[in-house]
$ cat structure-v8.pdb   # PDB, C-alpha atoms, pLDDT in the B column
ATOM      1  CA  MET A   1       0.000   0.000   0.000  1.00 62.00           C
ATOM      2  CA  ASP A   2       2.792   2.468   0.802  1.00 81.00           C
ATOM      3  CA  MET A   3       4.135   1.955  -2.741  1.00 84.00           C
ATOM      4  CA  ILE A   4       0.741   2.935  -4.182  1.00 90.00           C
ATOM      5  CA  LEU A   5       0.558   6.047  -2.007  1.00 91.00           C
ATOM      6  CA  GLN A   6       4.112   7.114  -2.811  1.00 91.00           C
ATOM      7  CA  TYR A   7       3.857   6.422  -6.535  1.00 91.00           C
ATOM      8  CA  GLY A   8       0.586   8.324  -6.841  1.00 93.00           C
ATOM      9  CA  LEU A   9       1.937  11.384  -5.059  1.00 94.00           C
ATOM     10  CA  LEU A  10       5.192  11.471  -7.012  1.00 92.00           C
ATOM     11  CA  ASN A  11       3.299  11.011 -10.265  1.00 92.00           C
ATOM     12  CA  GLY A  12       1.138  13.977  -9.294  1.00 94.00           C
ATOM     13  CA  PHE A  13       4.278  16.082  -8.869  1.00 94.00           C
ATOM     14  CA  LEU A  14       5.608  14.807 -12.194  1.00 91.00           C
ATOM     15  CA  GLU A  15       2.412  15.954 -13.923  1.00 93.00           C
ATOM     16  CA  VAL A  16       2.578  19.399 -12.313  1.00 94.00           C
ATOM     17  CA  LEU A  17       6.304  20.094 -12.582  1.00 92.00           C
ATOM     18  CA  GLY A  18       7.448  18.063 -15.552  1.00 90.00           C
ATOM     19  CA  THR A  19      10.547  15.899 -15.605  1.00 86.00           C
ATOM     20  CA  GLN A  20      13.277  18.518 -15.374  1.00 87.00           C
ATOM     21  CA  ALA A  21      11.747  20.499 -12.510  1.00 89.00           C
ATOM     22  CA  LEU A  22      10.931  17.306 -10.609  1.00 88.00           C
ATOM     23  CA  HIS A  23      14.593  16.261 -10.897  1.00 85.00           C
ATOM     24  CA  GLU A  24      15.543  19.521  -9.222  1.00 86.00           C
ATOM     25  CA  VAL A  25      13.476  18.873  -6.081  1.00 88.00           C
ATOM     26  CA  LEU A  26      14.073  15.139  -5.667  1.00 84.00           C
ATOM     27  CA  PRO A  27      16.932  14.030  -3.402  1.00 75.00           C
ATOM     28  CA  SER A  28      19.823  13.549  -5.848  1.00 68.00           C
ATOM     29  CA  GLN A  29      20.821  10.101  -4.591  1.00 63.00           C
ATOM     30  CA  GLN A  30      17.352   8.770  -5.403  1.00 65.00           C
ATOM     31  CA  THR A  31      16.511  10.561  -8.668  1.00 68.00           C
ATOM     32  CA  SER A  32      17.910   8.030 -11.129  1.00 65.00           C
ATOM     33  CA  GLN A  33      15.936   5.259  -9.404  1.00 70.00           C
ATOM     34  CA  ILE A  34      12.649   7.138  -9.671  1.00 80.00           C
ATOM     35  CA  VAL A  35      12.522   9.021 -12.979  1.00 77.00           C
ATOM     36  CA  ARG A  36      13.788   7.681 -16.281  1.00 76.00           C
ATOM     37  CA  GLY A  37      13.114   9.933 -19.215  1.00 74.00           C
ATOM     38  CA  ASN A  38       9.558  11.164 -18.738  1.00 78.00           C
ATOM     39  CA  GLU A  39       8.460   8.049 -16.870  1.00 81.00           C
ATOM     40  CA  LEU A  40       8.120   7.511 -13.139  1.00 85.00           C
ATOM     41  CA  ILE A  41       9.574   4.222 -11.893  1.00 84.00           C
ATOM     42  CA  LEU A  42       9.252   3.093  -8.301  1.00 82.00           C
ATOM     43  CA  LYS A  43      10.439  -0.429  -7.509  1.00 80.00           C
ATOM     44  CA  ASP A  44      10.748  -0.127  -3.739  1.00 82.00           C
ATOM     45  CA  SER A  45       9.165   1.968  -1.014  1.00 84.00           C
ATOM     46  CA  LEU A  46      11.051   5.173  -0.346  1.00 85.00           C
ATOM     47  CA  PRO A  47      12.363   5.995   3.146  1.00 85.00           C
ATOM     48  CA  ALA A  48      10.512   8.617   5.167  1.00 83.00           C
ATOM     49  CA  TYR A  49      13.395  11.110   4.937  1.00 85.00           C
ATOM     50  CA  PHE A  50      12.943  11.207   1.145  1.00 88.00           C
ATOM     51  CA  PHE A  51       9.730  13.214   1.544  1.00 89.00           C
ATOM     52  CA  SER A  52      11.280  15.485   4.183  1.00 89.00           C
ATOM     53  CA  ASP A  53      14.168  16.255   1.831  1.00 90.00           C
ATOM     54  CA  MET A  54      11.798  16.784  -1.084  1.00 91.00           C
ATOM     55  CA  ASN A  55       9.651  19.154   0.972  1.00 92.00           C
ATOM     56  CA  GLU A  56      12.676  21.227   1.993  1.00 92.00           C
ATOM     57  CA  ALA A  57      13.954  21.343  -1.599  1.00 91.00           C
ATOM     58  CA  MET A  58      10.582  22.547  -2.900  1.00 93.00           C
ATOM     59  CA  ILE A  59      10.382  25.349  -0.341  1.00 94.00           C
ATOM     60  CA  ALA A  60      13.988  26.379  -1.035  1.00 94.00           C
ATOM     61  CA  ARG A  61      13.376  26.493  -4.802  1.00 94.00           C
ATOM     62  CA  TYR A  62       9.856  27.934  -5.041  1.00 95.00           C
ATOM     63  CA  GLY A  63       9.193  29.560  -1.674  1.00 95.00           C
ATOM     64  CA  SER A  64       6.599  28.432   0.838  1.00 95.00           C
ATOM     65  CA  ALA A  65       3.438  29.742  -0.868  1.00 96.00           C
ATOM     66  CA  ALA A  66       4.278  28.374  -4.327  1.00 96.00           C
ATOM     67  CA  ALA A  67       5.411  25.046  -2.877  1.00 95.00           C
ATOM     68  CA  GLN A  68       2.047  24.741  -1.136  1.00 96.00           C
ATOM     69  CA  GLY A  69       0.174  25.456  -4.370  1.00 97.00           C
ATOM     70  CA  ILE A  70       2.215  22.923  -6.339  1.00 96.00           C
ATOM     71  CA  ALA A  71       1.706  20.309  -3.642  1.00 96.00           C
ATOM     72  CA  HIS A  72      -2.035  20.961  -3.502  1.00 97.00           C
ATOM     73  CA  VAL A  73      -2.477  20.350  -7.230  1.00 97.00           C
ATOM     74  CA  ALA A  74      -0.144  17.325  -7.098  1.00 96.00           C
ATOM     75  CA  GLY A  75      -2.274  15.864  -4.302  1.00 96.00           C
ATOM     76  CA  ARG A  76      -5.445  16.299  -6.341  1.00 96.00           C
ATOM     77  CA  LEU A  77      -3.784  14.522  -9.267  1.00 96.00           C
ATOM     78  CA  ALA A  78      -2.383  11.778  -7.033  1.00 95.00           C
ATOM     79  CA  PHE A  79      -5.885  10.697  -6.121  1.00 95.00           C
ATOM     80  CA  GLN A  80      -6.603   9.716  -9.710  1.00 91.00           C
ATOM     81  CA  SER A  81      -4.423   6.634  -9.269  1.00 89.00           C
ATOM     82  CA  TYR A  82      -5.533   5.970  -5.689  1.00 94.00           C
ATOM     83  CA  LYS A  83      -9.192   5.527  -6.614  1.00 92.00           C
ATOM     84  CA  ASP A  84      -8.353   2.615  -8.921  1.00 90.00           C
ATOM     85  CA  ASP A  85      -5.494   1.003  -7.006  1.00 91.00           C
ATOM     86  CA  ILE A  86      -6.443   1.190  -3.314  1.00 92.00           C
ATOM     87  CA  PRO A  87      -8.955  -1.595  -2.505  1.00 91.00           C
ATOM     88  CA  VAL A  88     -10.876   0.302   0.199  1.00 92.00           C
ATOM     89  CA  LEU A  89     -11.434   3.190  -2.208  1.00 92.00           C
ATOM     90  CA  VAL A  90     -12.556   0.860  -4.986  1.00 91.00           C
ATOM     91  CA  GLU A  91     -15.134  -0.416  -2.478  1.00 91.00           C
ATOM     92  CA  CYS A  92     -16.196   3.130  -1.559  1.00 91.00           C
ATOM     93  CA  GLY A  93     -16.771   3.915  -5.222  1.00 91.00           C
ATOM     94  CA  LYS A  94     -19.358   1.202  -5.724  1.00 92.00           C
ATOM     95  CA  LEU A  95     -22.823   2.388  -6.717  1.00 90.00           C
ATOM     96  CA  GLU A  96     -24.493   1.304  -3.473  1.00 92.00           C
ATOM     97  CA  ASN A  97     -22.093   3.521  -1.507  1.00 90.00           C
ATOM     98  CA  ARG A  98     -22.482   6.492  -3.845  1.00 90.00           C
ATOM     99  CA  LEU A  99     -26.276   6.336  -3.372  1.00 91.00           C
ATOM    100  CA  LEU A 100     -26.105   6.742   0.401  1.00 93.00           C
ATOM    101  CA  PRO A 101     -27.431   9.999   1.915  1.00 94.00           C
ATOM    102  CA  PHE A 102     -24.915  12.794   1.397  1.00 93.00           C
ATOM    103  CA  ALA A 103     -23.645  13.321   4.962  1.00 93.00           C
ATOM    104  CA  GLU A 104     -23.486   9.596   5.681  1.00 95.00           C
ATOM    105  CA  LYS A 105     -21.589   8.944   2.454  1.00 95.00           C
ATOM    106  CA  ILE A 106     -18.987  11.668   3.014  1.00 96.00           C
ATOM    107  CA  THR A 107     -18.414  10.785   6.673  1.00 96.00           C
ATOM    108  CA  ALA A 108     -18.071   7.080   5.881  1.00 95.00           C
ATOM    109  CA  THR A 109     -15.635   7.759   3.025  1.00 96.00           C
ATOM    110  CA  LEU A 110     -13.459   9.951   5.226  1.00 96.00           C
ATOM    111  CA  ARG A 111     -13.397   7.321   7.962  1.00 96.00           C
ATOM    112  CA  VAL A 112     -12.387   4.582   5.515  1.00 95.00           C
ATOM    113  CA  PHE A 113      -9.585   6.691   4.046  1.00 95.00           C
ATOM    114  CA  LEU A 114      -8.313   7.838   7.437  1.00 95.00           C
ATOM    115  CA  LYS A 115      -8.314   4.273   8.759  1.00 95.00           C
ATOM    116  CA  MET A 116      -6.145   3.296   5.806  1.00 93.00           C
ATOM    117  CA  LEU A 117      -3.687   6.059   6.727  1.00 93.00           C
ATOM    118  CA  ARG A 118      -3.622   4.791  10.313  1.00 93.00           C
ATOM    119  CA  ASP A 119      -3.016   1.218   9.129  1.00 92.00           C
ATOM    120  CA  GLN A 120      -0.097   2.515   7.029  1.00 90.00           C
ATOM    121  CA  GLU A 121       1.304   4.330  10.094  1.00 90.00           C
ATOM    122  CA  ILE A 122       1.026   7.744   8.435  1.00 91.00           C
ATOM    123  CA  ALA A 123      -1.416   9.553  10.722  1.00 91.00           C
ATOM    124  CA  ASP A 124      -4.107   8.817  13.290  1.00 94.00           C
ATOM    125  CA  ILE A 125      -6.818  11.303  12.359  1.00 94.00           C
ATOM    126  CA  VAL A 126     -10.361  11.422  13.708  1.00 94.00           C
ATOM    127  CA  VAL A 127     -13.235  12.957  11.735  1.00 96.00           C
ATOM    128  CA  VAL A 128     -16.163  14.792  13.363  1.00 95.00           C
ATOM    129  CA  ARG A 129     -19.143  16.204  11.463  1.00 95.00           C
ATOM    130  CA  ASN A 130     -20.726  19.496  12.494  1.00 94.00           C
ATOM    131  CA  VAL A 131     -24.400  19.085  11.551  1.00 93.00           C
ATOM    132  CA  VAL A 132     -25.281  22.751  12.132  1.00 92.00           C
ATOM    133  CA  HIS A 133     -22.584  24.133   9.805  1.00 92.00           C
ATOM    134  CA  ASN A 134     -22.509  21.113   7.478  1.00 91.00           C
ATOM    135  CA  ASN A 135     -18.739  20.699   7.686  1.00 95.00           C
ATOM    136  CA  TRP A 136     -16.205  18.183   8.928  1.00 97.00           C
ATOM    137  CA  SER A 137     -13.250  18.589  11.286  1.00 96.00           C
ATOM    138  CA  LEU A 138     -10.244  16.299  11.009  1.00 96.00           C
ATOM    139  CA  GLU A 139      -7.672  16.183  13.757  1.00 94.00           C
ATOM    140  CA  GLY A 140      -4.966  13.882  15.005  1.00 93.00           C
ATOM    141  CA  PRO A 141      -1.247  13.228  15.250  1.00 91.00           C
ATOM    142  CA  VAL A 142       1.102  12.260  12.480  1.00 90.00           C
ATOM    143  CA  LEU A 143       2.768   8.932  13.189  1.00 88.00           C
ATOM    144  CA  PRO A 144       6.571   9.039  13.297  1.00 82.00           C
ATOM    145  CA  THR A 145       7.210   6.103  10.963  1.00 81.00           C
ATOM    146  CA  ASN A 146       5.818   7.712   7.801  1.00 82.00           C
ATOM    147  CA  ALA A 147       4.929  11.227   8.951  1.00 79.00           C
ATOM    148  CA  PRO A 148       6.875  13.092   6.211  1.00 83.00           C
ATOM    149  CA  PHE A 149       4.592  11.665   3.506  1.00 85.00           C
ATOM    150  CA  ILE A 150       1.658  13.698   4.777  1.00 88.00           C
ATOM    151  CA  GLN A 151       3.752  16.823   5.377  1.00 87.00           C
ATOM    152  CA  VAL A 152       4.814  17.465   1.751  1.00 91.00           C
ATOM    153  CA  GLY A 153       3.999  21.031   0.753  1.00 92.00           C
ATOM    154  CA  GLU A 154       3.278  21.849   4.378  1.00 92.00           C
ATOM    155  CA  GLN A 155       0.391  19.331   4.303  1.00 94.00           C
ATOM    156  CA  HIS A 156      -1.152  20.799   1.131  1.00 96.00           C
ATOM    157  CA  SER A 157      -0.621  17.620  -0.891  1.00 96.00           C
ATOM    158  CA  PHE A 158      -2.792  15.791   1.642  1.00 96.00           C
ATOM    159  CA  MET A 159      -5.418  18.522   1.468  1.00 97.00           C
ATOM    160  CA  GLY A 160      -5.561  18.142  -2.307  1.00 97.00           C
ATOM    161  CA  ILE A 161      -5.956  14.378  -1.988  1.00 97.00           C
ATOM    162  CA  LEU A 162      -8.906  14.854   0.366  1.00 97.00           C
ATOM    163  CA  GLU A 163     -10.638  17.324  -1.951  1.00 97.00           C
ATOM    164  CA  SER A 164     -10.365  14.986  -4.932  1.00 96.00           C
ATOM    165  CA  LEU A 165     -11.513  12.035  -2.821  1.00 96.00           C
ATOM    166  CA  LEU A 166     -14.729  13.777  -1.788  1.00 96.00           C
ATOM    167  CA  GLU A 167     -15.499  15.306  -5.185  1.00 95.00           C
ATOM    168  CA  TRP A 168     -15.036  11.845  -6.697  1.00 95.00           C
ATOM    169  CA  MET A 169     -17.634  10.480  -4.275  1.00 95.00           C
ATOM    170  CA  ASP A 170     -20.108  13.301  -4.993  1.00 93.00           C
ATOM    171  CA  SER A 171     -19.545  15.419  -8.096  1.00 90.00           C
ATOM    172  CA  ARG A 172     -22.552  17.616  -7.309  1.00 91.00           C
ATOM    173  CA  HIS A 173     -20.530  19.342  -4.592  1.00 92.00           C
ATOM    174  CA  ALA A 174     -17.205  21.164  -4.317  1.00 94.00           C
ATOM    175  CA  PHE A 175     -15.127  20.593  -1.201  1.00 96.00           C
ATOM    176  CA  GLN A 176     -12.490  22.851   0.306  1.00 96.00           C
ATOM    177  CA  VAL A 177      -9.968  21.645   2.871  1.00 97.00           C
ATOM    178  CA  VAL A 178      -8.177  24.261   4.966  1.00 96.00           C
ATOM    179  CA  GLN A 179      -5.846  24.027   7.911  1.00 94.00           C
ATOM    180  CA  LYS A 180      -7.244  25.087  11.258  1.00 90.00           C
ATOM    181  CA  GLU A 181      -5.973  25.521  14.774  1.00 84.00           C
ATOM    182  CA  ALA A 182      -5.839  22.255  16.680  1.00 77.00           C
ATOM    183  CA  THR A 183      -8.135  21.999  19.683  1.00 76.00           C
ATOM    184  CA  SER A 184      -5.514  19.967  21.564  1.00 65.00           C
ATOM    185  CA  SER A 185      -1.949  20.903  22.382  1.00 58.00           C
ATOM    186  CA  PRO A 186       0.515  20.937  19.461  1.00 55.00           C
ATOM    187  CA  GLN A 187       2.556  18.253  21.197  1.00 55.00           C
ATOM    188  CA  GLN A 188      -0.363  15.839  20.956  1.00 56.00           C
ATOM    189  CA  HIS A 189      -1.906  16.780  17.599  1.00 58.00           C
ATOM    190  CA  ASN A 190       0.033  17.926  14.575  1.00 81.00           C
ATOM    191  CA  LEU A 191      -2.770  17.870  11.994  1.00 90.00           C
ATOM    192  CA  ALA A 192      -6.017  19.823  12.022  1.00 93.00           C
ATOM    193  CA  PHE A 193      -8.266  20.496   9.014  1.00 96.00           C
ATOM    194  CA  LEU A 194     -11.732  21.842   8.284  1.00 96.00           C
ATOM    195  CA  ILE A 195     -13.681  20.571   5.279  1.00 97.00           C
ATOM    196  CA  SER A 196     -16.424  22.822   3.919  1.00 97.00           C
ATOM    197  CA  VAL A 197     -18.798  22.022   1.097  1.00 95.00           C
ATOM    198  CA  THR A 198     -20.661  23.962  -1.618  1.00 92.00           C
ATOM    199  CA  SER A 199     -23.521  22.470  -3.596  1.00 86.00           C
ATOM    200  CA  PHE A 200     -23.816  22.942  -7.373  1.00 81.00           C
ATOM    201  CA  ASP A 201     -27.584  22.315  -7.252  1.00 69.00           C
TER     202      ASP A 201
END

$ encode --input "structure-v8.pdb" --output "structure tokens"
Amino acid sequence: MDMILQYGLLNGFLEVLGTQALHEVLPSQQTSQIVRGNELILKDSLPAYFFSDMNEAMIARYGSAAAQGIAHVAGRLAFQSYKDDIPVLVECGKLENRLLPFAEKITATLRVFLKMLRDQEIADIVVVRNVVHNNWSLEGPVLPTNAPFIQVGEQHSFMGILESLLEWMDSRHAFQVVQKEATSSPQQHNLAFLISVTSFD
């Protein structure tokens, strides 16, 4: 599963940046093993520090704001491979799940995806729906084993993944994921997001 997650994210960056620019932000000792010509090749899972180094290189080259924007778009593109290659998402996409009531469907999809991240030792995030404001809060700690994966682009790649996930489940709505202040102490919780929704109807 970690190979699928890593490949999808890197392929998203390849689509956004192109081959040459991607080479410039990948750790040099790994580049030849990952990109050949215009093709992404990933034979083994990458170590956690790879994504930390990549994140630092992106910020150094593009600045914080641009790096966040690039990562956000790359995350949205990454989901296009996840929906076909991650079994729990294939299950979520079945017709009977898409026909569930809106709030139930979105909450269930988030819980399935977040459980997968916990199983992969990336983050332990809990989702809570606010019925009055029709939004969702996500909060929880990153897990040290694979934490850098979710931190790329100062967490904006993950935010893009979430937006594409939810718009894939319900194309009649647009979703926006923003960072928010954690309700718990920073030492306990490193991730905190608010998901808002707009209907096209």

$ atom_distance --input "structure-v8.pdb" --atom1 "CA of Ile34 in chain A" --atom2 "CA of Gly160 in chain A"
22.5 Å

$ residues_around --input "structure-v8.pdb" --residues "Ile59 in chain A" --least-positions-apart "4" --cutoff "10 Å" --atoms "all atoms listed in the file" --output "list of chain:residue names"
A:Val25, A:Met54, A:Asn55, A:Gly63, A:Ser64, A:Ala65, A:Ala66, A:Ala67, A:Gln68, A:Val152, A:Gly153, A:Glu154

$ write_last_selection --input "structure-v8.pdb" --atoms "C-alpha atoms" --output "PDB file, in the coordinates of the input"
ATOM      1  CA  VAL A  25      13.476  18.873  -6.081  1.00 88.00           C
ATOM      2  CA  MET A  54      11.798  16.784  -1.084  1.00 91.00           C
ATOM      3  CA  ASN A  55       9.651  19.154   0.972  1.00 92.00           C
ATOM      4  CA  GLY A  63       9.193  29.560  -1.674  1.00 95.00           C
ATOM      5  CA  SER A  64       6.599  28.432   0.838  1.00 95.00           C
ATOM      6  CA  ALA A  65       3.438  29.742  -0.868  1.00 96.00           C
ATOM      7  CA  ALA A  66       4.278  28.374  -4.327  1.00 96.00           C
ATOM      8  CA  ALA A  67       5.411  25.046  -2.877  1.00 95.00           C
ATOM      9  CA  GLN A  68       2.047  24.741  -1.136  1.00 96.00           C
ATOM     10  CA  VAL A 152       4.814  17.465   1.751  1.00 91.00           C
ATOM     11  CA  GLY A 153       3.999  21.031   0.753  1.00 92.00           C
ATOM     12  CA  GLU A 154       3.278  21.849   4.378  1.00 92.00           C
TER      13      GLU A 154
END

$ resolve_selection --input "structure-v8.pdb" --expression "the PyMOL selection byres ((chain A and resi 118) around 12)" --output "JSON, numbers by chain"
{"A": [1, 2, 111, 112, 113, 114, 115, 116, 117, 119, 120, 121, 122, 123, 124, 125, 126, 140, 141, 142, 143, 144, 145, 146, 147, 150]}

$ resolve_selection --input "structure-v8.pdb" --expression "the PyMOL selection byres ((chain A and resi 12) around 10)" --output "ChimeraX atom specification"
/A:6-11,13-18,70-81,157

$ axis_aligned_box --input "structure-v8.pdb" --around "range 38-51 of chain A" --padding-each-side "6 Å" --output "lines of an AutoDock Vina configuration file"
center_x = 10.8
center_y = 6.4
center_z = -6.8
size_x = 17.3
size_y = 25.6
size_z = 35.9

$ residues_around --input "structure-v8.pdb" --residues "range 176-178 of chain A" --least-positions-apart "2" --cutoff "9 Å" --atoms "all atoms listed in the file" --output "JSON, numbers by chain"
{"A": [156, 159, 160, 162, 163, 174, 180, 192, 193, 194, 195, 196, 197, 198]}

$ atom_distance --input "structure-v8.pdb" --atom1 "CA of Ala182 in chain A" --atom2 "CA of Pro148 in chain A"
18.8 Å

$ closest_residue --input "structure-v8.pdb" --among "A:Leu166, A:Leu138, A:Val35, A:Leu26" --to "Phe51 in chain A" --atoms "only C-alpha atoms"
A:Leu26

$ resolve_selection --input "structure-v8.pdb" --expression "the PyMOL selection byres ((chain A and resi 104) around 12)" --output "VMD selection string"
chain A and resid 97 to 103 105 to 111 128 to 129 131 134 136 169 to 170
